[in-house]
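Chemist: One file: target_27.txt (compact mmCIF, C-alpha atoms).
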```
# COMPACT_ATOMS: atom_id res chain seq x y z
CA MET T 890 -49.90 -45.70 -0.62
CA ALA T 891 -52.86 -47.50 -2.12
CA GLU T 892 -54.86 -44.26 -2.04
CA GLY T 893 -51.99 -42.38 -3.72
CA LYS T 894 -51.87 -45.01 -6.45
CA LEU T 895 -55.63 -44.78 -6.98
CA LYS T 896 -55.43 -40.99 -7.16
CA SER T 897 -52.75 -41.16 -9.79
CA ILE T 898 -54.78 -43.57 -11.90
CA ALA T 899 -57.85 -41.36 -11.44
CA ASP T 900 -55.78 -38.47 -12.79
CA LEU T 901 -54.69 -40.57 -15.76
CA LEU T 902 -58.28 -41.53 -16.44
CA ALA T 903 -59.43 -37.93 -16.32
CA ALA T 904 -56.55 -36.90 -18.58
CA HIS T 905 -57.55 -39.36 -21.31
CA PRO T 906 -59.85 -37.89 -24.00
CA LEU T 907 -62.46 -40.59 -23.30
CA PHE T 908 -62.98 -39.24 -19.80
CA ALA T 909 -62.32 -35.54 -20.43
CA GLY T 910 -64.33 -33.45 -17.97
CA LEU T 911 -65.29 -36.48 -15.92
CA ASP T 912 -66.66 -35.74 -12.45
CA PRO T 913 -63.66 -36.31 -10.11
CA ALA T 914 -65.85 -38.41 -7.80
CA ILE T 915 -66.69 -40.73 -10.70
CA ALA T 916 -63.02 -40.79 -11.77
CA ASP T 917 -62.08 -41.93 -8.27
CA LEU T 918 -64.72 -44.63 -8.41
CA LEU T 919 -63.66 -45.86 -11.86
CA ALA T 920 -60.02 -45.85 -10.81
CA GLY T 921 -60.81 -48.85 -8.66
CA CYS T 922 -61.31 -50.79 -11.93
CA ALA T 923 -58.17 -49.43 -13.62
CA ARG T 924 -54.45 -50.07 -13.65
CA ASN T 925 -51.47 -49.11 -15.76
CA VAL T 926 -50.14 -51.67 -18.19
CA HIS T 927 -47.34 -52.01 -20.72
CA PHE T 928 -47.07 -54.21 -23.80
CA ALA T 929 -43.90 -54.91 -25.74
CA ALA T 930 -43.96 -54.58 -29.52
CA GLY T 931 -45.73 -57.54 -31.07
CA ALA T 932 -47.60 -58.55 -27.91
CA TYR T 933 -51.34 -59.05 -28.07
CA LEU T 934 -53.59 -56.95 -25.88
CA PHE T 935 -56.35 -59.44 -26.65
CA GLN T 936 -57.29 -61.98 -29.27
CA ALA T 937 -60.50 -62.66 -31.16
CA ASP T 938 -63.10 -64.71 -29.30
CA ASP T 939 -61.38 -64.21 -25.95
CA ALA T 940 -63.59 -62.88 -23.18
CA ALA T 941 -63.85 -59.09 -23.47
CA ASP T 942 -62.98 -58.62 -19.84
CA THR T 943 -60.49 -55.73 -20.14
CA PHE T 944 -60.29 -52.75 -22.45
CA TYR T 945 -57.57 -50.13 -22.81
CA LEU T 946 -57.11 -46.39 -22.93
CA LEU T 947 -54.01 -45.83 -25.04
CA ARG T 948 -51.47 -43.41 -23.60
CA GLY T 949 -48.44 -44.27 -25.73
CA GLY T 950 -47.72 -46.43 -28.76
CA ASP T 951 -49.96 -47.77 -31.49
CA VAL T 952 -52.18 -50.84 -31.71
CA ALA T 953 -53.37 -52.74 -34.79
CA LEU T 954 -56.77 -54.42 -34.84
CA GLU T 955 -56.31 -57.50 -36.96
CA LEU T 956 -58.19 -60.38 -38.49
CA ARG T 957 -56.54 -63.62 -39.52
CA MET T 958 -57.55 -64.97 -42.88
CA PRO T 959 -56.37 -68.33 -44.21
CA GLY T 960 -54.10 -67.81 -47.18
CA ARG T 961 -53.81 -64.04 -46.63
CA GLY T 962 -52.28 -63.89 -43.18
CA ARG T 963 -53.07 -61.09 -40.76
CA LEU T 964 -55.11 -58.22 -42.18
CA THR T 965 -55.15 -54.90 -40.37
CA VAL T 966 -58.69 -53.62 -39.92
CA GLN T 967 -57.76 -50.38 -38.20
CA THR T 968 -54.91 -48.88 -36.21
CA LEU T 969 -55.44 -47.09 -32.91
CA HIS T 970 -53.22 -44.40 -31.43
CA PRO T 971 -52.56 -42.50 -28.19
CA GLY T 972 -55.74 -40.89 -26.92
CA GLU T 973 -57.92 -43.62 -28.40
CA VAL T 974 -59.72 -46.61 -26.88
CA VAL T 975 -58.89 -50.23 -27.67
CA GLY T 976 -61.95 -52.42 -27.38
CA ALA T 977 -65.70 -51.81 -27.41
CA SER T 978 -67.05 -55.38 -27.27
CA TRP T 979 -66.95 -55.31 -23.47
CA ILE T 980 -70.10 -53.14 -23.45
CA LEU T 981 -72.59 -55.63 -24.87
CA PRO T 982 -73.14 -59.40 -24.63
CA PRO T 983 -71.67 -61.83 -25.44
CA TYR T 984 -68.62 -59.85 -24.20
CA ARG T 985 -66.21 -61.45 -26.68
CA TRP T 986 -63.56 -59.68 -28.77
CA ARG T 987 -64.17 -59.69 -32.52
CA PHE T 988 -60.59 -58.93 -33.58
CA ASP T 989 -57.03 -59.38 -32.40
CA ALA T 990 -55.35 -56.29 -30.92
CA ARG T 991 -51.55 -56.26 -31.40
CA ALA T 992 -49.05 -53.72 -30.11
CA ILE T 993 -47.26 -52.28 -33.17
CA GLY T 994 -44.54 -50.78 -30.96
CA ASP T 995 -44.17 -50.53 -27.19
CA VAL T 996 -47.56 -49.62 -25.76
CA ARG T 997 -48.47 -47.81 -22.57
CA ALA T 998 -52.10 -47.93 -21.59
CA THR T 999 -54.55 -47.77 -18.73
CA SER T 1000 -56.54 -50.98 -18.60
CA LEU T 1001 -60.07 -51.11 -17.24
CA ASP T 1002 -61.60 -54.25 -15.80
CA ALA T 1003 -64.80 -54.55 -17.84
CA ALA T 1004 -66.76 -56.64 -15.33
CA CYS T 1005 -65.83 -54.17 -12.58
CA LEU T 1006 -66.88 -51.20 -14.72
CA ARG T 1007 -70.12 -52.87 -15.82
CA ALA T 1008 -70.94 -53.57 -12.16
CA LYS T 1009 -70.39 -49.91 -11.26
CA CYS T 1010 -72.53 -48.82 -14.21
CA ASP T 1011 -75.32 -51.22 -13.16
CA ALA T 1012 -75.10 -50.07 -9.55
CA ASP T 1013 -75.31 -46.37 -10.39
CA PRO T 1014 -77.17 -45.56 -13.65
CA ARG T 1015 -75.77 -42.02 -13.50
CA ILE T 1016 -72.29 -43.47 -14.00
CA GLY T 1017 -73.59 -45.94 -16.55
CA TYR T 1018 -75.25 -43.16 -18.55
CA ASP T 1019 -72.10 -41.05 -18.45
CA VAL T 1020 -69.92 -43.95 -19.60
CA MET T 1021 -72.36 -44.86 -22.40
CA LYS T 1022 -72.50 -41.23 -23.59
CA ARG T 1023 -68.72 -41.31 -23.87
CA PHE T 1024 -68.57 -44.63 -25.68
CA LEU T 1025 -71.45 -44.15 -28.10
CA PRO T 1026 -69.64 -41.45 -30.20
CA ILE T 1027 -66.65 -43.78 -30.51
CA VAL T 1028 -68.83 -46.64 -31.74
CA ALA T 1029 -70.74 -44.30 -34.08
CA GLU T 1030 -67.51 -42.83 -35.47
CA ARG T 1031 -66.10 -46.30 -36.13
CA LEU T 1032 -69.31 -47.31 -37.88
CA GLN T 1033 -69.18 -44.21 -40.09
CA THR T 1034 -65.53 -44.61 -41.01
CA THR T 1035 -66.12 -48.29 -41.75
CA ARG T 1036 -68.96 -47.36 -44.10
CA LEU T 1037 -66.74 -44.89 -45.92
CA ARG T 1038 -63.95 -47.43 -46.27
CA LEU T 1039 -66.46 -49.95 -47.60
CA LEU T 1040 -66.99 -47.58 -50.53
CA ASP T 1041 -63.36 -48.17 -51.55
CA LEU T 1042 -63.14 -44.53 -52.65
CA TYR T 1043 -59.58 -44.79 -53.94
CA ALA T 1044 -60.27 -47.75 -56.21
CA PRO T 1045 -59.56 -47.27 -59.93
CA PRO T 1046 -62.85 -46.59 -61.78
CA ALA T 1047 -62.53 -49.83 -63.72
CA GLU T 1048 -62.51 -51.87 -60.50
CA VAL T 1049 -65.47 -49.95 -59.12
CA GLY T 1050 -67.33 -50.79 -62.34
CA ARG T 1051 -66.55 -54.49 -61.90
CA GLN T 1052 -67.75 -54.43 -58.29
CA LEU T 1053 -71.02 -52.82 -59.32
CA MET C 746 -45.45 -26.78 -94.27
CA THR C 747 -46.72 -24.46 -97.03
CA ALA C 748 -46.28 -20.69 -97.03
CA ILE C 749 -50.03 -20.28 -96.66
CA ALA C 750 -50.08 -22.59 -93.63
CA ARG C 751 -47.14 -20.75 -92.06
CA SER C 752 -48.80 -17.38 -92.52
CA TYR C 753 -52.18 -18.50 -91.20
CA GLN C 754 -53.04 -16.80 -87.92
CA PRO C 755 -56.09 -18.35 -86.31
CA PRO C 756 -58.57 -16.08 -84.58
CA ALA C 757 -58.14 -15.81 -80.82
CA ALA C 758 -60.92 -18.24 -79.96
CA GLU C 759 -59.58 -20.81 -82.38
CA ALA C 760 -56.05 -20.31 -81.08
CA ASP C 761 -57.26 -21.25 -77.62
CA MET C 762 -58.40 -24.57 -79.03
CA LEU C 763 -55.14 -25.35 -80.82
CA PRO C 764 -52.83 -27.65 -78.88
CA ARG C 765 -49.14 -26.79 -78.78
CA PRO C 766 -46.82 -29.65 -79.65
CA PHE C 767 -44.81 -30.98 -76.71
CA ARG C 768 -42.41 -33.91 -76.50
CA VAL C 769 -42.18 -36.51 -73.75
CA VAL C 770 -38.71 -36.03 -72.27
CA ALA C 771 -39.06 -38.40 -69.31
CA ARG C 772 -41.46 -41.09 -68.20
CA GLN C 773 -41.83 -42.48 -64.69
CA GLN C 774 -43.96 -45.51 -63.85
CA GLU C 775 -45.41 -44.38 -60.51
CA LEU C 776 -47.80 -47.28 -59.82
CA ALA C 777 -48.96 -50.30 -61.77
CA ASP C 778 -51.61 -48.19 -63.51
CA CYS C 779 -50.13 -44.72 -63.09
CA VAL C 780 -47.43 -42.85 -65.01
CA SER C 781 -45.82 -39.41 -64.74
CA LEU C 782 -44.83 -37.74 -68.00
CA GLU C 783 -42.38 -34.84 -68.21
CA LEU C 784 -43.09 -32.69 -71.25
CA ALA C 785 -41.06 -29.99 -72.97
CA PRO C 786 -42.27 -27.76 -75.81
CA VAL C 787 -41.12 -28.75 -79.27
CA GLU C 788 -40.54 -25.05 -79.87
CA GLY C 789 -41.19 -21.81 -78.07
CA ALA C 790 -41.26 -20.85 -74.42
CA PRO C 791 -41.98 -23.31 -71.60
CA LEU C 792 -45.45 -23.33 -70.13
CA GLY C 793 -45.64 -21.56 -66.77
CA PHE C 794 -48.39 -22.48 -64.35
CA VAL C 795 -49.65 -21.84 -60.85
CA PRO C 796 -50.23 -24.78 -58.42
CA GLY C 797 -53.75 -26.12 -58.85
CA GLN C 798 -54.06 -25.55 -62.61
CA PHE C 799 -54.51 -28.18 -65.30
CA THR C 800 -53.90 -28.56 -69.00
CA MET C 801 -55.77 -30.30 -71.81
CA LEU C 802 -53.55 -33.11 -73.11
CA TYR C 803 -54.18 -34.33 -76.62
CA VAL C 804 -53.01 -37.71 -77.87
CA HIS C 805 -53.02 -37.47 -81.65
CA GLY C 806 -55.74 -39.57 -83.16
CA VAL C 807 -57.12 -40.68 -79.80
CA GLY C 808 -58.54 -37.70 -77.93
CA GLU C 809 -58.06 -34.92 -75.43
CA ILE C 810 -58.56 -34.87 -71.66
CA PRO C 811 -57.90 -32.53 -68.72
CA ILE C 812 -54.98 -33.53 -66.50
CA SER C 813 -53.75 -31.65 -63.44
CA ILE C 814 -50.18 -30.44 -63.47
CA SER C 815 -48.22 -32.37 -60.84
CA GLY C 816 -44.71 -30.94 -61.07
CA ASP C 817 -42.67 -28.28 -59.33
CA PRO C 818 -43.92 -24.83 -60.40
CA SER C 819 -40.39 -23.41 -60.11
CA VAL C 820 -39.15 -25.79 -62.81
CA SER C 821 -41.04 -24.49 -65.81
CA GLU C 822 -38.85 -26.19 -68.44
CA ARG C 823 -40.48 -29.50 -67.59
CA LEU C 824 -44.24 -29.77 -67.45
CA VAL C 825 -45.17 -32.81 -65.34
CA HIS C 826 -48.49 -34.64 -65.39
CA THR C 827 -49.38 -37.79 -63.45
CA ILE C 828 -51.93 -39.95 -65.22
CA ARG C 829 -53.87 -43.05 -64.20
CA ASP C 830 -54.86 -45.44 -66.97
CA VAL C 831 -58.64 -45.46 -66.72
CA GLY C 832 -59.76 -45.13 -70.37
CA ALA C 833 -58.81 -44.74 -74.01
CA VAL C 834 -57.00 -41.38 -73.77
CA THR C 835 -55.40 -41.91 -70.35
CA GLY C 836 -54.32 -45.38 -71.49
CA ALA C 837 -52.74 -43.90 -74.62
CA LEU C 838 -50.98 -41.25 -72.50
CA CYS C 839 -49.67 -43.89 -70.10
CA ARG C 840 -48.24 -45.86 -73.01
CA LEU C 841 -46.33 -42.88 -74.47
CA GLN C 842 -42.58 -43.31 -74.42
CA GLU C 843 -39.75 -40.77 -74.38
CA GLY C 844 -39.66 -38.82 -77.61
CA ALA C 845 -43.39 -39.16 -78.31
CA ARG C 846 -45.36 -36.05 -79.18
CA VAL C 847 -48.42 -34.84 -77.36
CA GLY C 848 -50.59 -31.74 -77.74
CA VAL C 849 -51.01 -29.33 -74.83
CA ARG C 850 -53.55 -26.57 -74.26
CA GLY C 851 -53.56 -24.37 -71.21
CA PRO C 852 -52.76 -24.02 -68.41
CA TYR C 853 -56.35 -23.50 -67.35
CA GLY C 854 -58.40 -23.02 -64.24
CA SER C 855 -58.08 -21.46 -60.84
CA ALA C 856 -55.12 -21.96 -58.53
CA TRP C 857 -54.75 -22.83 -54.86
CA PRO C 858 -55.14 -19.55 -52.93
CA LEU C 859 -51.50 -19.43 -51.90
CA GLU C 860 -51.54 -15.95 -50.38
CA ARG C 861 -54.20 -16.95 -47.87
CA ALA C 862 -51.65 -19.27 -46.26
CA PHE C 863 -49.04 -16.56 -45.59
CA GLY C 864 -48.44 -16.26 -41.84
CA ARG C 865 -50.75 -19.19 -41.14
CA HIS C 866 -50.71 -22.99 -40.96
CA LEU C 867 -51.11 -24.79 -44.29
CA PHE C 868 -52.96 -28.10 -43.97
CA VAL C 869 -53.01 -30.24 -47.11
CA VAL C 870 -55.33 -33.25 -47.38
CA ALA C 871 -54.78 -35.66 -50.26
CA GLY C 872 -56.75 -38.76 -51.16
CA GLY C 873 -55.46 -41.35 -53.65
CA LEU C 874 -54.39 -39.80 -56.94
CA GLY C 875 -55.50 -36.43 -55.51
CA LEU C 876 -51.94 -36.10 -54.27
CA ALA C 877 -50.86 -35.29 -57.84
CA PRO C 878 -52.63 -31.88 -58.15
CA LEU C 879 -51.43 -31.07 -54.63
CA ARG C 880 -47.76 -31.82 -55.28
CA PRO C 881 -47.08 -28.41 -56.92
CA LEU C 882 -48.65 -26.81 -53.84
CA VAL C 883 -46.34 -28.76 -51.52
CA HIS C 884 -43.33 -27.77 -53.65
CA TRP C 885 -44.42 -24.15 -53.43
CA ALA C 886 -45.03 -24.42 -49.66
CA LEU C 887 -41.58 -25.86 -49.01
CA ALA C 888 -39.99 -23.13 -51.15
CA ASN C 889 -41.95 -20.51 -49.17
CA ARG C 890 -41.69 -22.28 -45.82
CA HIS C 891 -40.44 -19.13 -44.05
CA ARG C 892 -43.71 -17.39 -44.91
CA LEU C 893 -45.88 -20.13 -43.38
CA LYS C 894 -46.31 -21.06 -39.72
CA SER C 895 -46.32 -24.76 -40.54
CA VAL C 896 -47.02 -27.19 -43.35
CA ALA C 897 -48.83 -30.49 -42.82
CA LEU C 898 -49.66 -33.09 -45.45
CA VAL C 899 -52.24 -35.76 -44.67
CA TYR C 900 -52.40 -38.47 -47.30
CA GLY C 901 -54.84 -41.34 -47.48
CA THR C 902 -54.84 -44.04 -50.08
CA ARG C 903 -56.14 -47.53 -50.73
CA SER C 904 -53.20 -49.68 -49.61
CA PRO C 905 -49.43 -49.38 -49.03
CA ASP C 906 -48.67 -50.47 -52.62
CA ASN C 907 -50.78 -47.56 -53.89
CA LEU C 908 -48.67 -44.85 -52.25
CA LEU C 909 -47.88 -42.28 -54.91
CA PHE C 910 -44.52 -40.43 -55.06
CA LEU C 911 -43.18 -42.68 -52.32
CA GLU C 912 -39.55 -41.53 -52.54
CA GLN C 913 -40.63 -37.91 -52.48
CA LEU C 914 -42.90 -38.55 -49.49
CA ARG C 915 -39.95 -40.10 -47.65
CA ALA C 916 -37.78 -37.09 -48.47
CA TRP C 917 -40.48 -34.68 -47.35
CA ALA C 918 -40.99 -36.66 -44.13
CA ALA C 919 -37.25 -36.50 -43.44
CA SER C 920 -37.19 -32.73 -43.93
CA GLU C 921 -38.09 -30.47 -41.07
CA GLY C 922 -40.31 -28.31 -43.22
CA LEU C 923 -43.30 -30.59 -43.36
CA GLU C 924 -45.28 -32.81 -41.02
CA LEU C 925 -46.47 -35.88 -42.90
CA GLY C 926 -49.29 -38.23 -41.96
CA ILE C 927 -50.14 -41.27 -44.07
CA THR C 928 -53.01 -43.68 -43.67
CA VAL C 929 -54.34 -46.50 -45.82
CA ASP C 930 -57.74 -48.16 -46.09
CA ARG C 931 -56.43 -51.70 -46.00
CA ALA C 932 -53.15 -53.39 -45.16
CA THR C 933 -51.53 -56.61 -44.13
CA ALA C 934 -49.76 -56.86 -40.79
CA ASP C 935 -46.32 -56.04 -42.25
CA TRP C 936 -47.48 -52.41 -42.74
CA GLN C 937 -46.23 -50.41 -39.77
CA GLY C 938 -48.25 -47.30 -40.52
CA ARG C 939 -51.81 -46.22 -39.93
CA VAL C 940 -54.96 -47.94 -41.18
CA GLY C 941 -58.02 -45.69 -41.26
CA LEU C 942 -59.43 -42.53 -42.81
CA VAL C 943 -57.61 -39.25 -43.36
CA THR C 944 -59.98 -37.66 -40.85
CA ASP C 945 -58.47 -39.92 -38.14
CA LEU C 946 -55.25 -37.91 -38.50
CA LEU C 947 -56.80 -34.52 -37.85
CA PRO C 948 -56.80 -34.53 -34.01
CA GLY C 949 -53.05 -35.15 -33.85
CA MET C 950 -51.96 -32.91 -36.70
CA LEU C 951 -54.32 -29.95 -36.68
CA HIS C 952 -52.65 -27.67 -34.15
CA ASP C 953 -54.35 -24.29 -34.47
CA PRO C 954 -57.56 -24.67 -36.51
CA ALA C 955 -58.60 -21.01 -36.43
CA GLU C 956 -55.25 -20.06 -37.99
CA THR C 957 -55.24 -22.85 -40.57
CA VAL C 958 -55.84 -22.80 -44.31
CA ALA C 959 -56.77 -26.24 -45.66
CA MET C 960 -56.48 -27.45 -49.25
CA LEU C 961 -58.01 -30.77 -50.28
CA CYS C 962 -58.00 -32.99 -53.32
CA GLY C 963 -59.30 -36.53 -53.70
CA PRO C 964 -62.51 -38.47 -54.22
CA GLU C 965 -65.45 -36.14 -53.64
CA PRO C 966 -66.96 -38.04 -50.67
CA MET C 967 -63.55 -38.05 -48.99
CA MET C 968 -63.24 -34.27 -49.49
CA ARG C 969 -66.77 -33.75 -48.21
CA PHE C 970 -66.18 -35.65 -44.99
CA ALA C 971 -62.70 -34.19 -44.51
CA ALA C 972 -64.02 -30.65 -45.03
CA GLN C 973 -66.80 -31.31 -42.52
CA ALA C 974 -64.26 -32.62 -40.00
CA LEU C 975 -61.98 -29.63 -40.54
CA GLY C 976 -64.93 -27.28 -40.09
CA SER C 977 -66.03 -29.08 -36.91
CA ALA C 978 -62.48 -28.78 -35.58
CA GLY C 979 -62.61 -25.01 -36.06
CA VAL C 980 -61.04 -24.31 -39.45
CA PRO C 981 -63.06 -21.42 -40.94
CA GLN C 982 -65.19 -22.58 -43.87
CA ALA C 983 -63.76 -19.74 -45.99
CA ASP C 984 -60.29 -21.21 -45.47
CA ILE C 985 -61.11 -24.69 -46.75
CA HIS C 986 -60.49 -25.13 -50.49
CA LEU C 987 -61.32 -28.12 -52.66
CA SER C 988 -60.09 -29.15 -56.10
CA MET C 989 -63.16 -30.37 -57.97
CA GLU C 990 -63.49 -32.71 -60.90
CA ARG C 991 -66.21 -32.88 -63.53
CA ASN C 992 -66.31 -34.12 -67.09
CA MET C 993 -64.56 -31.38 -69.13
CA LYS C 994 -64.44 -30.89 -72.85
CA CYS C 995 -63.29 -27.43 -73.94
CA GLY C 996 -61.39 -26.34 -70.83
CA LEU C 997 -62.40 -22.75 -71.51
CA GLY C 998 -65.90 -22.41 -70.11
CA TRP C 999 -67.56 -22.54 -73.52
CA CYS C 1000 -69.22 -25.92 -73.73
CA GLY C 1001 -70.77 -26.32 -70.27
CA HIS C 1002 -69.87 -29.99 -69.87
CA CYS C 1003 -68.31 -29.41 -66.46
CA GLN C 1004 -71.08 -27.36 -64.90
CA LEU C 1005 -71.57 -27.71 -61.15
CA GLY C 1006 -74.44 -25.46 -60.09
CA PRO C 1007 -73.36 -21.89 -60.85
CA PHE C 1008 -69.77 -22.93 -61.61
CA LEU C 1009 -68.01 -24.17 -64.69
CA ILE C 1010 -65.24 -26.24 -63.14
CA CYS C 1011 -62.77 -25.64 -66.00
CA ARG C 1012 -63.15 -21.85 -65.81
CA ASP C 1013 -64.20 -21.07 -62.21
CA GLY C 1014 -62.40 -24.09 -60.72
CA PRO C 1015 -61.01 -26.60 -60.31
CA VAL C 1016 -60.06 -25.00 -56.98
CA LEU C 1017 -63.10 -23.57 -55.23
CA PRO C 1018 -63.85 -22.52 -51.65
CA TYR C 1019 -65.81 -25.00 -49.56
CA ALA C 1020 -67.96 -22.12 -48.34
CA GLU C 1021 -69.43 -21.92 -51.86
CA LEU C 1022 -69.38 -25.64 -52.56
CA HIS C 1023 -70.72 -27.32 -49.47
CA ARG C 1024 -74.41 -27.01 -50.36
CA LEU C 1025 -73.76 -28.32 -53.86
CA LEU C 1026 -71.91 -31.45 -52.78
CA THR C 1027 -75.05 -33.22 -51.61
CA VAL C 1028 -77.32 -32.23 -54.52
CA TRP C 1029 -77.98 -35.44 -56.45
CA GLU C 1030 -78.69 -33.72 -59.75
CA LEU C 1031 -75.23 -32.11 -59.83
```
I need this file expressed as structure tokens, please.
Modeler:
Amino acid sequence: MAEGKLKSIADLLAAHPLFAGLDPAIADLLAGCARNVHFAAGAYLFQADDAADTFYLLRGGDVALELRMPGRGRLTVQTLHPGEVVGASWILPPYRWRFDARAIGDVRATSLDAACLRAKCDADPRIGYDVMKRFLPIVAERLQTTRLRLLDLYAPPAEVGRQL
Amino acid sequence: MTAIARSYQPPAAEADMLPRPFRVVARQQELADCVSLELAPVEGAPLGFVPGQFTMLYVHGVGEIPISISGDPSVSERLVHTIRDVGAVTGALCRLQEGARVGVRGPYGSAWPLERAFGRHLFVVAGGLGLAPLRPLVHWALANRHRLKSVALVYGTRSPDNLLFLEQLRAWAASEGLELGITVDRATADWQGRVGLVTDLLPGMLHDPAETVAMLCGPEPMMRFAAQALGSAGVPQADIHLSMERNMKCGLGWCGHCQLGPFLICRDGPVLPYAELHRLLTVWEL
């Protein structure tokens, strides 16, 4: 039964875009760190400054990354959608989340125990290299889109002039 | 008007520079700094146009500027322009009320290559006020829906309170003829939609890249990155079209103000294929 459960999670992992084409042997190994989770609308997957001990592969529903600002309430930094990954701060010290992650609607996801995954990556650099190669494009893409949004491209010219 | 003035026939070149008098017949405040004006000719035939074209609008005593036509091309009696107040002439246009007169030259420029979309997927990418020049295209696409495999509109803007044509977007989203994706750069938590770039929407909405024709309008860096993303996803470069903007003066390709490399945007554009533009978009001097 336990093996069947692990197999099914391995299949879910392999079906997620993050792990597309993953060696089935590695998928089986990573499945030991994974489980299926569900969040009701409005629930928090994690909150800023909490330990980044679990990250999520979204399978259904949307998630908002938020920042609380006194006087302005919750500001949405980015939204994440099925096929995307929620959380990257688990990769590097100090392993703390930078933002809150809130389920916009009902969310289905596969969670991965970060300490478990890091241990497997440390134990087998081949796995670690594969995982890092999959995560680096996500981090790079988020950096690039953040840079573009910093430009405030849709701002009226007068406001751009004031900023400059 | 004197008999001499009535009988005066300007030479062809001069006639091209003479604005026709139009009257504002309706005014819609779209956003805090953005107005749509519906114009009708004071006399003579309505002005027909093809989606993608623009006119030169002249506010008497203030100046003349190019503005894209933003209305339904099948409703030629009303010529619609959507204008953001960013300067002296646009400000004067935004302050015009019903009944006011305005001069119109045109329509000018190239159109969206509508025929290329027949039998294929039409993918429209709008950024900010760039939705205005694309609205005639969407009207046309919905009227010709049976000739297109699908129609998708991806729209990115600054924040939820900057969404242009909101009621129309809702109506389009409710129709079965069009798949709509909206994203904003910044939002508070009460916004239930997406926050991110227009390119974030491509994986979920671009269904058959090789059979897709894409048409883009918005800030130039946004179009550049969106065109790159569409190309990387497999949309042929020859099927990606951009509506360009440069400082125009004559609208007729005479003065050269709007030159972009080998193109005069008023005459050869504003709609140009990405295949011919992509090398120019990163040349600083242009």
Chemist: Counting all atoms listed in the file, figure out which residue out of C:Met968, C:Ala790, C:Val820, C:Ala916 gets nearest to chain T.
Modeler: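 Among the listed residues, C:Met968 lies closest to chain T.
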Chemist: Restrict the distance test to all atoms listed in the file, flag each residue of chain T within 9 Å of chain C, and return the flagged residues as a list in words.
Modeler: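 Contact residues on the first chain: Asp951, Ala953, Glu955, Arg961, Gly962, Arg963, Leu964, Thr965, Val966, Gln967, Thr968, Leu969, His970, Ile993, Gly994, Thr1034, Thr1035, Leu1037, Arg1038, Asp1041, Leu1042, Tyr1043, Ala1044, Pro1045, Pro1046 and Ala1047 of chain T.
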Chemist: Atoms to include: C-alpha atoms. Write the selected residues as a PDB file, in the coordinates of the input.
Modeler:
```
ATOM      1  CA  ASP T 951     -49.960 -47.770 -31.490  1.00  0.00           C
ATOM      2  CA  ALA T 953     -53.370 -52.740 -34.790  1.00  0.00           C
ATOM      3  CA  GLU T 955     -56.310 -57.500 -36.960  1.00  0.00           C
ATOM      4  CA  ARG T 961     -53.810 -64.040 -46.630  1.00  0.00           C
ATOM      5  CA  GLY T 962     -52.280 -63.890 -43.180  1.00  0.00           C
ATOM      6  CA  ARG T 963     -53.070 -61.090 -40.760  1.00  0.00           C
ATOM      7  CA  LEU T 964     -55.110 -58.220 -42.180  1.00  0.00           C
ATOM      8  CA  THR T 965     -55.150 -54.900 -40.370  1.00  0.00           C
ATOM      9  CA  VAL T 966     -58.690 -53.620 -39.920  1.00  0.00           C
ATOM     10  CA  GLN T 967     -57.760 -50.380 -38.200  1.00  0.00           C
ATOM     11  CA  THR T 968     -54.910 -48.880 -36.210  1.00  0.00           C
ATOM     12  CA  LEU T 969     -55.440 -47.090 -32.910  1.00  0.00           C
ATOM     13  CA  HIS T 970     -53.220 -44.400 -31.430  1.00  0.00           C
ATOM     14  CA  ILE T 993     -47.260 -52.280 -33.170  1.00  0.00           C
ATOM     15  CA  GLY T 994     -44.540 -50.780 -30.960  1.00  0.00           C
ATOM     16  CA  THR T1034     -65.530 -44.610 -41.010  1.00  0.00           C
ATOM     17  CA  THR T1035     -66.120 -48.290 -41.750  1.00  0.00           C
ATOM     18  CA  LEU T1037     -66.740 -44.890 -45.920  1.00  0.00           C
ATOM     19  CA  ARG T1038     -63.950 -47.430 -46.270  1.00  0.00           C
ATOM     20  CA  ASP T1041     -63.360 -48.170 -51.550  1.00  0.00           C
ATOM     21  CA  LEU T1042     -63.140 -44.530 -52.650  1.00  0.00           C
ATOM     22  CA  TYR T1043     -59.580 -44.790 -53.940  1.00  0.00           C
ATOM     23  CA  ALA T1044     -60.270 -47.750 -56.210  1.00  0.00           C
ATOM     24  CA  PRO T1045     -59.560 -47.270 -59.930  1.00  0.00           C
ATOM     25  CA  PRO T1046     -62.850 -46.590 -61.780  1.00  0.00           C
ATOM     26  CA  ALA T1047     -62.530 -49.830 -63.720  1.00  0.00           C
TER      27      ALA T1047
END
```
Chemist: How far is it from atom CA of Leu975 of chain C to atom CA of Phe868 of chain C, in Å with one decimal?
Modeler: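 Answer for the atom CA of Leu975 of chain C to atom CA of Phe868 of chain C separation: 9.8 Å.
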Chemist: Quick one: residues within 9 Å of Ala932 of chain T, only C-alpha atoms counted, chain neighbours fewer than 3 positions away excluded, as a PyMOL selection string?
Modeler: chain T and resi 928-929+935+990-995
Chemist: For the selection you just gave me, I'd like the residues written to a file as a CSV table (one decimal), in the frame of the given file, keeping C-alpha atoms.
Modeler:
```csv
chain,number,residue,atom,x,y,z
T,928,PHE,CA,-47.1,-54.2,-23.8
T,929,ALA,CA,-43.9,-54.9,-25.7
T,935,PHE,CA,-56.4,-59.4,-26.6
T,990,ALA,CA,-55.4,-56.3,-30.9
T,991,ARG,CA,-51.6,-56.3,-31.4
T,992,ALA,CA,-49.0,-53.7,-30.1
T,993,ILE,CA,-47.3,-52.3,-33.2
T,994,GLY,CA,-44.5,-50.8,-31.0
T,995,ASP,CA,-44.2,-50.5,-27.2
```
